[in-house]
Structure formats: C-alpha cells, structure tokens
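Asker: First, the structure itself, so that you have it in front of you.
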Amino acid sequence: MKEQLIKAMQRNQVIDLIYMSKGGEITKRRVKIIKMTSDAFQAYCFVKQAKRTFIIDNVLAAVPNIRKEREVV
C-alpha cells in the first residue's frame with residue numbers, strides 16, 4: 001500500500017481512499033497527498049476540505065481518481 005501512495009504523491013494524483021479511523025469507523029475520502037513519513041501521510045482531504053493526517057496501516061484501499069472535477073463558472 002505504501003508504494004502505491006508514494007506513486008500517487010510523486011504523480012501529484014488525487015486518490016480515493018477507503019480509510020478506517022482510530023475508532024473503527026470506515027469512511028471514503030478523496031485526498032491529495034502532501035507529504036509522507038514512515039508510518040503516516042499528510043493530505044488535503046476534499047471531503048473535509050482541510051489537511052488531515054492518515055495512518056498508512058489504516059488505509060484499506062486506494063485508487064487513483066481519474067475523473068476530472070467540473071469547475072463551476
């Protein structure tokens with residue numbers, strides 16, 4: 001999983017995560033990774049519209065988001 005997240009960060013990709021919180025709640029997040037450490041990463045979460053820290057071991061699935069978001073003009 002870590003290698004997949006590193007590739008997404010290097011490619012500046014937005015990814016969809018299935019993530020399990022400390023309390024065991026499973027959520028879907030759309031994020032853009034900002035920086036990584038050995039066991040966690042900081043990312044901008046489009047769901048919460050804020051920077052968040054995620055634990056790599058709690059990421060259940062990660063898929064690149066290939067759809068482009070439409071801009072409202």
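By convention here, the chains of the structure tokens are called A, B, ... in the order presented, each chain's residues are numbered starting at 1, and ligands are numbered starting at 1 in the order presented.
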What's around Phe46 in chain A at 8 Å? Count only C-alpha atoms, leave out sequence neighbours fewer than 6 positions away in its own chain, and write the answer as a ChimeraX atom specification.
Answerer: /A:29-31
Asker: Tell me, as a PyMOL selection string, which residues lie within 7 Å of Tyr19 in chain A, counting only C-alpha atoms; anything in the same chain fewer than 2 positions away does not count.
Answerer: chain A and resi 17+21+26-28+58-60
Asker: Measuring between only C-alpha atoms, which one of A:Ala62, A:Val14, A:Met1, A:Ile6 shows the shortest distance to Tyr44 in chain A?
Answerer: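 Result for the nearest residue to Tyr44 in chain A: A:Val14.
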Asker: As a VMD selection string, please: all residues of chain A that backbone DSSP puts in strand (DSSP E or B).
Answerer: chain A and resid 14 to 20 26 to 36 40 to 45 50 to 55 59 to 64
Asker: What's the separation between CA of Glu3 in chain A and CA of Ala50 in chain A, in Å to one decimal place?
Answerer: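 Those two atoms sit 24.0 Å apart.
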Asker: Can you list every residue in chain A that DSSP puts in helix (DSSP H, G or I), as a list in words?
Answerer: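 Matching residues for helix (DSSP H, G or I) in chain A are Lys2, Glu3, Gln4, Leu5, Ile6, Lys7, Ala8, Met9, Gln10, Ile56, Asp57 and Asn58 of chain A.
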Asker: Hey, can you spit out that residue selection with N, CA, C and O atoms as a PDB file, in the first residue's frame?
Answerer:
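As a result, again-v5.pdb now contains:
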```
ATOM      1  N   LYS A   2       1.957   1.221   0.771  1.00  0.00           N
ATOM      2  CA  LYS A   2       2.816   2.398   0.876  1.00  0.00           C
ATOM      3  C   LYS A   2       3.390   2.802  -0.483  1.00  0.00           C
ATOM      4  O   LYS A   2       3.422   3.988  -0.813  1.00  0.00           O
ATOM      5  N   GLU A   3       3.792   1.807  -1.273  1.00  0.00           N
ATOM      6  CA  GLU A   3       4.363   2.105  -2.590  1.00  0.00           C
ATOM      7  C   GLU A   3       3.334   2.784  -3.490  1.00  0.00           C
ATOM      8  O   GLU A   3       3.653   3.705  -4.232  1.00  0.00           O
ATOM      9  N   GLN A   4       2.094   2.322  -3.414  1.00  0.00           N
ATOM     10  CA  GLN A   4       1.014   2.911  -4.210  1.00  0.00           C
ATOM     11  C   GLN A   4       0.779   4.372  -3.804  1.00  0.00           C
ATOM     12  O   GLN A   4       0.577   5.245  -4.648  1.00  0.00           O
ATOM     13  N   LEU A   5       0.834   4.648  -2.509  1.00  0.00           N
ATOM     14  CA  LEU A   5       0.649   6.013  -2.018  1.00  0.00           C
ATOM     15  C   LEU A   5       1.814   6.911  -2.426  1.00  0.00           C
ATOM     16  O   LEU A   5       1.611   8.067  -2.793  1.00  0.00           O
ATOM     17  N   ILE A   6       3.032   6.361  -2.390  1.00  0.00           N
ATOM     18  CA  ILE A   6       4.208   7.132  -2.814  1.00  0.00           C
ATOM     19  C   ILE A   6       4.088   7.505  -4.295  1.00  0.00           C
ATOM     20  O   ILE A   6       4.351   8.641  -4.682  1.00  0.00           O
ATOM     21  N   LYS A   7       3.669   6.549  -5.130  1.00  0.00           N
ATOM     22  CA  LYS A   7       3.494   6.831  -6.559  1.00  0.00           C
ATOM     23  C   LYS A   7       2.450   7.918  -6.786  1.00  0.00           C
ATOM     24  O   LYS A   7       2.636   8.806  -7.617  1.00  0.00           O
ATOM     25  N   ALA A   8       1.347   7.855  -6.049  1.00  0.00           N
ATOM     26  CA  ALA A   8       0.302   8.873  -6.187  1.00  0.00           C
ATOM     27  C   ALA A   8       0.833  10.249  -5.811  1.00  0.00           C
ATOM     28  O   ALA A   8       0.511  11.242  -6.454  1.00  0.00           O
ATOM     29  N   MET A   9       1.658  10.310  -4.762  1.00  0.00           N
ATOM     30  CA  MET A   9       2.226  11.587  -4.345  1.00  0.00           C
ATOM     31  C   MET A   9       3.200  12.106  -5.406  1.00  0.00           C
ATOM     32  O   MET A   9       3.154  13.284  -5.771  1.00  0.00           O
ATOM     33  N   GLN A  10       4.046  11.236  -5.936  1.00  0.00           N
ATOM     34  CA  GLN A  10       5.021  11.642  -6.953  1.00  0.00           C
ATOM     35  C   GLN A  10       4.338  12.118  -8.233  1.00  0.00           C
ATOM     36  O   GLN A  10       4.809  13.039  -8.890  1.00  0.00           O
ATOM     37  N   ILE A  56      -0.912   5.020   7.477  1.00  0.00           N
ATOM     38  CA  ILE A  56      -0.840   4.156   6.297  1.00  0.00           C
ATOM     39  C   ILE A  56      -1.494   2.800   6.559  1.00  0.00           C
ATOM     40  O   ILE A  56      -2.216   2.281   5.711  1.00  0.00           O
ATOM     41  N   ASP A  57      -1.272   2.219   7.735  1.00  0.00           N
ATOM     42  CA  ASP A  57      -1.839   0.897   8.047  1.00  0.00           C
ATOM     43  C   ASP A  57      -3.362   0.910   8.106  1.00  0.00           C
ATOM     44  O   ASP A  57      -3.991  -0.149   8.033  1.00  0.00           O
ATOM     45  N   ASN A  58      -3.974   2.083   8.246  1.00  0.00           N
ATOM     46  CA  ASN A  58      -5.436   2.181   8.317  1.00  0.00           C
ATOM     47  C   ASN A  58      -6.087   2.399   6.950  1.00  0.00           C
ATOM     48  O   ASN A  58      -7.299   2.481   6.855  1.00  0.00           O
TER      49      ASN A  58
END
```
Asker: Tell me which protein, DNA and RNA residues are within 8 Å of Ala40 in chain A, counting only C-alpha atoms, leaving out same-chain ones fewer than 6 positions away, and put them as a list in words.
Answerer: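 Everything that qualifies: Thr53, Phe54, Ile55 and Ile56 of chain A.
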Asker: Between A:Gly24, A:Lys35, A:Ile18, A:Arg11, which residue has the minimum interatomic distance to Lys51 in chain A, considering only C-alpha atoms?
Answerer: A:Lys35
Asker: Measuring atom to atom with only C-alpha atoms, identify which of A:Ile66, A:Ala61, A:Asn12, A:Lys48 is nearest to Ile34 in chain A.
Answerer: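 Comparing A:Ile66, A:Ala61, A:Asn12, A:Lys48 against Ile34 in chain A, the winner is A:Asn12.
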Asker: Could you please determine the separation between CA of Cys45 in chain A and CA of Gln13 in chain A in Å, to one decimal place?
Answerer: 12.7 Å
